[in-house]
Amino acid sequence: MRNEEIQASDDDEMQGDQKVINQDNDPVVLEMSSIDPGSSSKPRNSFKKVETSQTKRQVSTSNDGGANGGRGESKLELFGFDSLVNILGLKSMTGEQTPVPISPIKGEDGFAATQHRKVSGSVKLGTMMGVFIPCLQNILGIIYYIRFSWIVGIAGISESLFLVALCGLCTFLTAVSLSAIATNGAMKGGGPYYLIGRALGPEVGVSIGLCFFLGNAVAGAMYVLGAVETFLNAVPKAGIFRETITEVNGAEVAEPITSPSLHDLQIYGIIVTIILAFIVFGGVKIINKVAPAFLIPVLLSLICIFLGILLARKDNPVDGVTGLSLKSFKDNWNPDYQKTNSAGIPNPDGDRYWNFNGLVGLYFPAVTGIMAGSNRSASLKDTQRSIPIGTLAATLTTTSLYIISVFLFGSVATREKLYTDRLFTATIAWPSSTIIYIGIILSTLGAALQSLTGAPRLLAAIANDNILPVLDYFKVPDSSEPHIATLFTAILCIGCVVIGNVDLISPTITMFYLLCYAGVNLSCFLLDLLDAPSWRPRWKFHHWSASLFGACLCIVIMFLISWSFTVVSLALVSLIYYYVSLKGKAGDWGDGFKSAYFQLALRSLRSLGANNVHPKNWYPIPLVFCRPWGKLPENVPCHPKLADFANCMKKKGRGMSIFVSILDGNYQECAEDAKNACKQLAAYTDYRRCESVAEIIVAPTMSDGFRGIVQTMGLGNLKPNIVVIRYPEIWRQQQQENVKDNIPATFVSIINDCIVANKAVVIVKGLDEWPNEYQRQYGTIDLYWIVRDGGLMLLLSQLLLTKEIFDSCKIRVFCAAEEDSDADELKADVKKFLYDLRMQAEVIVISMKSWNHHLQAEDESSMEAFTGAQGRIKNYLKKKNRHDHDHVGVNEQQVDKFLYTTLKLNSTIMKQSSMAAVVLVSLPPPPEKHPSYLYMEYMDLLVENVPRILIVRGYRRDVVTLFT
């Protein structure tokens with residue numbers, strides 16, 4: 001392999017002679033290794049120089065020989081201003097802080113070894129110890145040992161099988177959805193909260209996350225009560241308040257049944273919870289080391305239970321244990337629901353009647369725990385592989401175990417024995433029930449430790465996302481123990497322990513867990529249905545229909561357990577969601593709802609097409625031009641009243657406004673300023689509570705910028721249809737001050753561009769006096785409907801009436817008739833037209849004869865304005881013709897006609913509408929071949945002394961219709 005010197009230079013564009021030598025740790029360098037079979041005998045060094053248009057850069061390549069052939073390191077510097085694609089850049093996408101590697105050229109080939117030692121030094125768990133064992137340990141718990149045989153006795157074998165299948169199907173579908181979401185990218189702390197929040201948004205994530213936190217805290221209380229109940233049954237003498245039952249269903253039993261007292265459960269439960277809380281305060285490292293050891297007694301106890309069932313005989317000295325027999329199987333096949341006391345002993349006068357729905361709530365916590373693996377994602381070697389396999393394997397294993405246990409329990413004992421012996425698993429165990437007691441206590445205490453350890457971290461993860469300010473007390477730095485959250489969790493757990501009844505606590509946990517599982521299924525359903533480009537899970541065995549069915553199944557199970565508590569749970573989630581929406585801080589996590597909104601918008605846009613929108617479906621989409629004709633206060637990008645006026649053009653807030661502004665300059669130089677200005681404008685319109693989008697355009701002049709806006713803004717039928725601008729009341733002042741900004745030319749150019757682009761125009765004069773939401777208006781809204789505008793002026797007046805500030809006003813429509821004889825006919829036609837449009841308005845017809853027939857003198861002030869405008873126009877034309885080579889040819893008679901027409905209209909407005917809240921008048925188009933200065937004189941004469949006026953021009957479209 002031969003090294004050649006490459007010289008690439010451009011002498012015309014070189015900007016210096018200084019050579020820059022790349023350092024070995026330059027992050028812009030792409031390192032490439034190649035093997036040169038022919039370089040084993042001698043090393044060769046050469047230099048490659050690459051000179052760009054800005055600098056000369058020197059790149060060196062060194063090839064070192066070795067015994068097994070030479071390995072060359074070549075560095076190519078490309079794109080001095082952009083980072084190249086390398087492993088550092090790829091790792092930075094995941095948020096990892098990766099150090100810059102040290103170049104091996106210096107003989108320090110230790111980077112790879114250092115990284116290898118760093119990775120190998122941290123203990124990573126595989127599928128078995130990282131996912132399968134934790135899930136198995138959480139699923140096999142207190143319910144199986146002290147309640148499952150009782151469930152088989154009261155529900156029978158048939159409905160127990162259906163119960164196990166129903167709950168197992170729910171968790172299996174949830175595990176499939178969890179596998180899909182968990183394999184779609186890296187996971188951080190928070191477990192299911194993190195998955196749901198990133199899929200359904202922060203509001204839904206926080207709502208379900210807080211409920212899942214409550215479920216975990218209450219689950220800790222259930223495990224503590226289970227351990228205490230087992231201990232008191234194993235050692236009855238330890239009970240302070242003992243209860244003895246001598247009758248079952250009114251019949252005396254051979255031996256009294258001793259059950260733990262409620263007060264004993266409360267006292268011992270509080271003590272155990274406090275001890276566990278102190279252990280949790282000590283740190284999670286000790287718990288993680290001891291937790292796998294808790295599973296060994298559980299597995300040993302399961303073996304003892306199954307051995308006891310297989311070795312049981314009919315002559316067993318324990319009453320009620322028949323051994324595996326077909327008779328017991330038949331007797332226990334059908335359910336036998338009845339009333340029981342608080343200890344679960346059948347009693348006709350008991351306070352609790354058990355049915356299938358109640359058993360679902362009692363049994364469902366026995367199948368929870370499938371989230372244990374996903375909660376440990378940071379400790380797994382390969383989350384993409386371990387979470388699906390481990391979670392589904394644990395789910396299928398435990399479901400199979402429960403199904404087998406249904407058949408065995410239902411065939412080995414009488415129904416009465418299953419009813420009354422809450423610790424039947426200990427009774428049947430071989431060789432001794434002590435193993436079962438130890439297994440139950442250790443498994444429940446281990447599960448309680450896991451709950452008291454996981455719940456505070458879940459709460460801390462929610463707080464660290466900085467969505468709810470009220471949770472700031474629970475924030476913790478990375479790798480720190482959440483002590484405050486742990487204390488709060490322990491207090492909640494103690495409060496639930498005071499209840500002292502596992503059967504009452506269990507359905508509560510069930511609701512919160514089902515809400516979490518429904519959220520996971522809905523997340524997968526939404527992501528799978530939208531199928532965004534970022535949705536690429538490694539777990540392929542999933543479908544949106546299965547996730548939707550799983551979510552519906554979770555809701556159905558909730559209603560089966562208790563419709564009243566389901567409503568309360570959903571109401572709690574809704575309240576938290578509403579609170580987060582009001583008080584929470586916005587967080588953009590790229591959730592599925594935003595993707596759904598995006599796809600819905602695209603489909604809606606395509607369905608609208610490019611055809612004209614029917615007048616019944618017409619909505620005003622105002623393009624609000626923020627470039628002020630004057631100065632605004634500092635840090636105020638838009639006139640405050642423009643946002644108020646834009647809101648007045650919407651009915652009940654429906655619709656969209658586009659606020660645009662123009663920066664004069666070169667785009668390459670002002671791009672960053674434009675971005676900052678756009679953010680500022682968007683923030684300001686949000687502050688003014690105007691639903692809108694903001695855009696900033698960079699252009700050499702205002703006219704060029706607006707011409708680009710009016711051509712390109714919007715997509716399809718979602719293009720703006722009304723341009724809203726402020727009347728330039730300061731134009732004459734700037735003319736006198738010889739300001740370079742030619743307002744008349746720009747103003748006329750904007751109007752002409754709107755006419756060419758077929759956009760309606762609304763010019764607001766008296767914007768400073770426009771009322772805000774607290775300034776209620778009375779009087780009339782007067783329309784001077786002179787030209788046909790598609791009904792836009794009529795529609796604007798109706799939209800103003802929908803606002804609270806104008807709802808006390810009445811509409812008056814003024815129409816111009818050529819002759820007095822046409823007034824009655826025109827008035828009748830307009831009234832009929834307004835009636836068909838469902839608009840209530842008073843119609844007034846004014847005779848506006850030709851200006852040649854109105855030689856009578858007007859009032860003094862109007863004539864002064866008229867003669868003043870005439871004089872200014874004559875002076876302008878003389879000055880223009882004297883300085884310019886091209887003669888401006890304007891018909892003076894036509895100019896006088898325009899002036900007099902606007903004078904008559906202004907005089908009519910002042911006479912008829914001096915007390916009007918708002919005046920709307922048709923906008924006259926700029927006359928051809930008339931200078932822009934003359935048009936501004938016409939407009940000034942039209943709006944003279946009118947404090948608040950909207951000058952409206954429609955476009956070649958009807959915006960109202962007579963038909964239903």
# chains A, B, ... in the order shown; residues from 1 in each chain; ligands from 1
$ residues_around --residues "range 575-586 of chain A" --least-positions-apart "3" --cutoff "9 Å" --atoms "only C-alpha atoms" --output "PDB file with N, CA, C and O atoms, in the first residue's frame"
ATOM      1  N   PRO A 202     -46.620  13.489  29.250  1.00  0.00           N
ATOM      2  CA  PRO A 202     -46.331  13.663  30.676  1.00  0.00           C
ATOM      3  C   PRO A 202     -47.570  13.663  31.553  1.00  0.00           C
ATOM      4  O   PRO A 202     -47.529  13.187  32.685  1.00  0.00           O
ATOM      5  N   GLU A 203     -48.695  14.203  31.054  1.00  0.00           N
ATOM      6  CA  GLU A 203     -49.900  14.247  31.878  1.00  0.00           C
ATOM      7  C   GLU A 203     -50.386  12.850  32.216  1.00  0.00           C
ATOM      8  O   GLU A 203     -50.664  12.526  33.375  1.00  0.00           O
ATOM      9  N   VAL A 204     -50.509  11.990  31.190  1.00  0.00           N
ATOM     10  CA  VAL A 204     -50.959  10.616  31.422  1.00  0.00           C
ATOM     11  C   VAL A 204     -49.911   9.853  32.226  1.00  0.00           C
ATOM     12  O   VAL A 204     -50.243   9.069  33.130  1.00  0.00           O
ATOM     13  N   GLY A 205     -48.640  10.068  31.903  1.00  0.00           N
ATOM     14  CA  GLY A 205     -47.574   9.352  32.614  1.00  0.00           C
ATOM     15  C   GLY A 205     -47.566   9.661  34.095  1.00  0.00           C
ATOM     16  O   GLY A 205     -47.465   8.759  34.934  1.00  0.00           O
ATOM     17  N   VAL A 206     -47.676  10.941  34.448  1.00  0.00           N
ATOM     18  CA  VAL A 206     -47.680  11.315  35.862  1.00  0.00           C
ATOM     19  C   VAL A 206     -48.934  10.798  36.559  1.00  0.00           C
ATOM     20  O   VAL A 206     -48.868  10.308  37.698  1.00  0.00           O
ATOM     21  N   SER A 207     -50.085  10.847  35.886  1.00  0.00           N
ATOM     22  CA  SER A 207     -51.335  10.379  36.492  1.00  0.00           C
ATOM     23  C   SER A 207     -51.257   8.898  36.833  1.00  0.00           C
ATOM     24  O   SER A 207     -51.522   8.484  37.970  1.00  0.00           O
ATOM     25  N   ILE A 208     -50.885   8.089  35.849  1.00  0.00           N
ATOM     26  CA  ILE A 208     -50.810   6.650  36.088  1.00  0.00           C
ATOM     27  C   ILE A 208     -49.607   6.321  36.968  1.00  0.00           C
ATOM     28  O   ILE A 208     -49.665   5.398  37.792  1.00  0.00           O
ATOM     29  N   LEU A 210     -48.333   8.080  39.468  1.00  0.00           N
ATOM     30  CA  LEU A 210     -48.656   8.306  40.880  1.00  0.00           C
ATOM     31  C   LEU A 210     -49.583   7.220  41.412  1.00  0.00           C
ATOM     32  O   LEU A 210     -49.437   6.778  42.562  1.00  0.00           O
ATOM     33  N   ASN A 466     -39.541  16.947  36.817  1.00  0.00           N
ATOM     34  CA  ASN A 466     -39.839  18.376  36.958  1.00  0.00           C
ATOM     35  C   ASN A 466     -41.133  18.764  36.245  1.00  0.00           C
ATOM     36  O   ASN A 466     -41.241  19.835  35.644  1.00  0.00           O
ATOM     37  N   ILE A 467     -42.123  17.880  36.330  1.00  0.00           N
ATOM     38  CA  ILE A 467     -43.426  18.172  35.731  1.00  0.00           C
ATOM     39  C   ILE A 467     -44.340  18.847  36.747  1.00  0.00           C
ATOM     40  O   ILE A 467     -44.983  19.851  36.448  1.00  0.00           O
ATOM     41  N   LEU A 468     -44.398  18.303  37.969  1.00  0.00           N
ATOM     42  CA  LEU A 468     -45.243  18.857  39.017  1.00  0.00           C
ATOM     43  C   LEU A 468     -44.385  19.572  40.058  1.00  0.00           C
ATOM     44  O   LEU A 468     -43.580  18.928  40.736  1.00  0.00           O
ATOM     45  N   PRO A 469     -44.550  20.865  40.235  1.00  0.00           N
ATOM     46  CA  PRO A 469     -43.750  21.566  41.255  1.00  0.00           C
ATOM     47  C   PRO A 469     -44.020  21.074  42.665  1.00  0.00           C
ATOM     48  O   PRO A 469     -43.147  21.162  43.529  1.00  0.00           O
ATOM     49  N   VAL A 470     -45.244  20.541  42.927  1.00  0.00           N
ATOM     50  CA  VAL A 470     -45.571  20.096  44.276  1.00  0.00           C
ATOM     51  C   VAL A 470     -44.734  18.894  44.700  1.00  0.00           C
ATOM     52  O   VAL A 470     -44.613  18.594  45.892  1.00  0.00           O
ATOM     53  N   LEU A 570     -60.712   5.887  38.306  1.00  0.00           N
ATOM     54  CA  LEU A 570     -60.643   6.680  37.075  1.00  0.00           C
ATOM     55  C   LEU A 570     -60.817   8.162  37.369  1.00  0.00           C
ATOM     56  O   LEU A 570     -60.177   9.013  36.723  1.00  0.00           O
ATOM     57  N   ALA A 571     -61.671   8.484  38.345  1.00  0.00           N
ATOM     58  CA  ALA A 571     -61.830   9.890  38.725  1.00  0.00           C
ATOM     59  C   ALA A 571     -60.549  10.435  39.336  1.00  0.00           C
ATOM     60  O   ALA A 571     -60.162  11.586  39.078  1.00  0.00           O
ATOM     61  N   LEU A 572     -59.865   9.601  40.133  1.00  0.00           N
ATOM     62  CA  LEU A 572     -58.592  10.033  40.724  1.00  0.00           C
ATOM     63  C   LEU A 572     -57.560  10.302  39.638  1.00  0.00           C
ATOM     64  O   LEU A 572     -56.854  11.324  39.681  1.00  0.00           O
TER      65      LEU A 572
END
$ select_by_dssp --residues "range 494-600 of chain A" --states "alpha helix (DSSP H)" --output "PyMOL selection string"
chain A and resi 494-497+502-530+544-561+563-583+592-600
$ write_last_selection --atoms "C-alpha atoms" --output "tab-separated table (two decimals), in the first residue's frame"
chain	number	residue	atom	x	y	z
A	494	ILE	CA	-48.32	2.04	57.98
A	495	GLY	CA	-51.68	3.66	57.28
A	496	CYS	CA	-52.73	0.66	55.17
A	497	VAL	CA	-51.39	-1.78	57.78
A	502	VAL	CA	-55.50	-8.48	53.39
A	503	ASP	CA	-58.85	-9.13	51.71
A	504	LEU	CA	-59.71	-5.42	51.82
A	505	ILE	CA	-56.27	-4.19	50.75
A	506	SER	CA	-55.87	-6.61	47.86
A	507	PRO	CA	-58.64	-5.14	45.62
A	508	THR	CA	-57.18	-1.67	46.19
A	509	ILE	CA	-53.83	-2.81	44.81
A	510	THR	CA	-55.60	-4.52	41.96
A	511	MET	CA	-57.16	-1.26	40.73
A	512	PHE	CA	-53.88	0.62	40.65
A	513	TYR	CA	-52.03	-2.22	38.97
A	514	LEU	CA	-54.76	-2.63	36.37
A	515	LEU	CA	-54.61	1.09	35.62
A	516	CYS	CA	-50.88	0.77	35.05
A	517	TYR	CA	-51.30	-2.31	32.83
A	518	ALA	CA	-54.02	-0.57	30.84
A	519	GLY	CA	-51.63	2.36	30.33
A	520	VAL	CA	-48.89	0.05	29.05
A	521	ASN	CA	-51.30	-1.62	26.62
A	522	LEU	CA	-52.67	1.70	25.42
A	523	SER	CA	-49.14	2.97	24.91
A	524	CYS	CA	-48.25	0.01	22.72
A	525	PHE	CA	-51.58	0.26	20.90
A	526	LEU	CA	-51.02	3.93	20.06
A	527	LEU	CA	-47.40	3.50	19.03
A	528	ASP	CA	-48.19	0.40	16.96
A	529	LEU	CA	-51.18	2.00	15.27
A	530	LEU	CA	-49.33	5.21	14.40
A	544	TRP	CA	-52.11	-3.18	17.94
A	545	SER	CA	-55.31	-5.23	18.17
A	546	ALA	CA	-53.82	-7.45	20.92
A	547	SER	CA	-52.71	-4.37	22.87
A	548	LEU	CA	-56.15	-2.79	22.50
A	549	PHE	CA	-57.78	-6.02	23.67
A	550	GLY	CA	-55.41	-6.13	26.64
A	551	ALA	CA	-56.31	-2.56	27.61
A	552	CYS	CA	-60.03	-3.30	27.32
A	553	LEU	CA	-59.57	-6.48	29.36
A	554	CYS	CA	-57.90	-4.46	32.14
A	555	ILE	CA	-60.87	-2.07	32.25
A	556	VAL	CA	-63.36	-4.98	32.20
A	557	ILE	CA	-61.58	-6.66	35.12
A	558	MET	CA	-61.68	-3.40	37.04
A	559	PHE	CA	-65.46	-3.18	36.62
A	560	LEU	CA	-65.81	-6.87	37.49
A	561	ILE	CA	-64.09	-6.28	40.80
A	563	TRP	CA	-67.65	-0.66	39.51
A	564	SER	CA	-67.79	1.94	42.27
A	565	PHE	CA	-64.08	1.70	43.08
A	566	THR	CA	-63.30	1.70	39.34
A	567	VAL	CA	-65.15	4.97	38.94
A	568	VAL	CA	-63.28	6.38	41.94
A	569	SER	CA	-59.92	5.22	40.51
A	570	LEU	CA	-60.64	6.68	37.07
A	571	ALA	CA	-61.83	9.89	38.73
A	572	LEU	CA	-58.59	10.03	40.72
A	573	VAL	CA	-56.54	9.62	37.55
A	574	SER	CA	-58.64	12.26	35.81
A	575	LEU	CA	-58.16	14.70	38.69
A	576	ILE	CA	-54.41	14.16	38.68
A	577	TYR	CA	-54.39	14.58	34.88
A	578	TYR	CA	-56.37	17.81	35.16
A	579	TYR	CA	-54.10	19.08	37.92
A	580	VAL	CA	-50.99	18.26	35.90
A	581	SER	CA	-52.49	20.02	32.86
A	582	LEU	CA	-53.12	23.16	34.92
A	583	LYS	CA	-50.14	23.29	37.26
A	592	GLY	CA	-47.61	9.22	20.77
A	593	PHE	CA	-50.35	11.80	21.08
A	594	LYS	CA	-48.23	14.40	19.31
A	595	SER	CA	-47.53	11.86	16.60
A	596	ALA	CA	-51.28	11.17	16.39
A	597	TYR	CA	-52.02	14.88	16.08
A	598	PHE	CA	-49.42	15.14	13.34
A	599	GLN	CA	-50.81	12.21	11.34
A	600	LEU	CA	-54.37	13.40	11.87
$ atom_distance --atom1 "CA of Glu416 in chain A" --atom2 "CA of Gly361 in chain A"
22.5 Å
$ residues_around --residues "Asn635 in chain A" --least-positions-apart "2" --cutoff "10 Å" --atoms "only C-alpha atoms" --output "list in words"
Leu632, Pro633, Pro637, Cys638, Ala677, Gln680, Leu681 and Tyr684 of chain A
$ write_last_selection --atoms "N, CA, C and O atoms" --output "CSV table (one decimal), in the first residue's frame"
chain,number,residue,atom,x,y,z
A,632,LEU,N,-42.6,50.1,19.2
A,632,LEU,CA,-43.3,49.3,20.3
A,632,LEU,C,-42.3,49.3,21.5
A,632,LEU,O,-41.1,49.5,21.3
A,633,PRO,N,-42.9,49.1,22.7
A,633,PRO,CA,-42.0,49.0,23.8
A,633,PRO,C,-41.0,47.9,23.7
A,633,PRO,O,-41.2,46.9,22.9
A,637,PRO,N,-42.9,42.1,20.8
A,637,PRO,CA,-42.7,41.8,19.3
A,637,PRO,C,-44.0,42.1,18.5
A,637,PRO,O,-43.9,42.1,17.3
A,638,CYS,N,-45.1,42.4,19.2
A,638,CYS,CA,-46.3,42.6,18.4
A,638,CYS,C,-47.2,43.5,19.2
A,638,CYS,O,-47.2,43.6,20.5
A,677,ALA,N,-36.4,35.6,17.5
A,677,ALA,CA,-37.5,36.5,17.4
A,677,ALA,C,-38.8,35.7,17.3
A,677,ALA,O,-39.9,36.0,17.8
A,680,GLN,N,-39.7,34.4,20.7
A,680,GLN,CA,-40.3,35.5,21.5
A,680,GLN,C,-41.7,35.9,21.1
A,680,GLN,O,-42.6,36.1,21.9
A,681,LEU,N,-42.0,35.9,19.8
A,681,LEU,CA,-43.3,36.2,19.3
A,681,LEU,C,-44.3,35.1,19.7
A,681,LEU,O,-45.4,35.4,20.1
A,684,TYR,N,-45.1,35.5,23.3
A,684,TYR,CA,-45.9,36.6,23.6
A,684,TYR,C,-47.4,36.4,23.2
A,684,TYR,O,-48.3,36.8,23.9
$ select_by_dssp --residues "range 636-681 of chain A" --states "strand (DSSP E or B)" --output "PyMOL selection string"
chain A and resi 651+654+657-664
$ write_last_selection --atoms "C-alpha atoms" --output "short mmCIF file (atom, residue, chain, number, x, y, z; two decimals), in the first residue's frame"
data_model
loop_
_atom_site.label_atom_id
_atom_site.label_comp_id
_atom_site.auth_asym_id
_atom_site.auth_seq_id
_atom_site.Cartn_x
_atom_site.Cartn_y
_atom_site.Cartn_z
CA LYS A 651 -66.08 31.82 17.15
CA ARG A 654 -62.06 27.88 17.28
CA SER A 657 -54.12 32.69 13.65
CA ILE A 658 -50.71 33.08 12.04
CA PHE A 659 -48.61 35.93 13.39
CA VAL A 660 -45.81 36.93 11.05
CA SER A 661 -43.12 39.55 11.16
CA ILE A 662 -40.30 40.52 8.82
CA LEU A 663 -36.66 41.16 9.61
CA ASP A 664 -34.79 43.31 7.13
#
$ residues_around --residues "Arg415 in chain A" --least-positions-apart "5" --cutoff "8 Å" --atoms "only C-alpha atoms" --output "PDB file with N, CA and C atoms, in the first residue's frame"
ATOM      1  N   GLY A 153     -61.507 -23.508  46.972  1.00  0.00           N
ATOM      2  CA  GLY A 153     -62.621 -24.069  47.714  1.00  0.00           C
ATOM      3  C   GLY A 153     -63.918 -23.330  47.479  1.00  0.00           C
ATOM      4  N   ILE A 154     -63.898 -22.016  47.423  1.00  0.00           N
ATOM      5  CA  ILE A 154     -65.138 -21.250  47.305  1.00  0.00           C
ATOM      6  C   ILE A 154     -65.574 -21.062  45.853  1.00  0.00           C
ATOM      7  N   ASP A 331     -66.565 -33.290  43.712  1.00  0.00           N
ATOM      8  CA  ASP A 331     -67.239 -32.480  44.735  1.00  0.00           C
ATOM      9  C   ASP A 331     -66.817 -31.017  44.670  1.00  0.00           C
ATOM     10  N   ASN A 332     -65.609 -30.782  44.311  1.00  0.00           N
ATOM     11  CA  ASN A 332     -65.084 -29.410  44.298  1.00  0.00           C
ATOM     12  C   ASN A 332     -65.132 -28.757  42.914  1.00  0.00           C
ATOM     13  N   GLY A 410     -57.913 -28.843  44.343  1.00  0.00           N
ATOM     14  CA  GLY A 410     -59.303 -29.274  44.279  1.00  0.00           C
ATOM     15  C   GLY A 410     -59.490 -30.771  44.388  1.00  0.00           C
TER      16      GLY A 410
END
$ residues_around --residues "Leu801 in chain A" --least-positions-apart "2" --cutoff "12 Å" --atoms "only C-alpha atoms" --output "PyMOL selection string"
chain A and resi 648-652+776-781+794-799+803-811+839-841+917-918
$ atom_distance --atom1 "CA of Gly156 in chain A" --atom2 "CA of Lys327 in chain A"
13.5 Å
$ closest_residue --among "A:Pro744, A:Gly790, A:Pro335, A:Pro700" --to "Tyr933 in chain A" --atoms "only C-alpha atoms"
A:Pro744
$ residues_around --residues "Gln870 in chain A" --least-positions-apart "4" --cutoff "9 Å" --atoms "only C-alpha atoms" --output "list in words"
Ala865, Phe866, Lys874, Asn875, Val895, Asp896, Leu899 and Glu937 of chain A
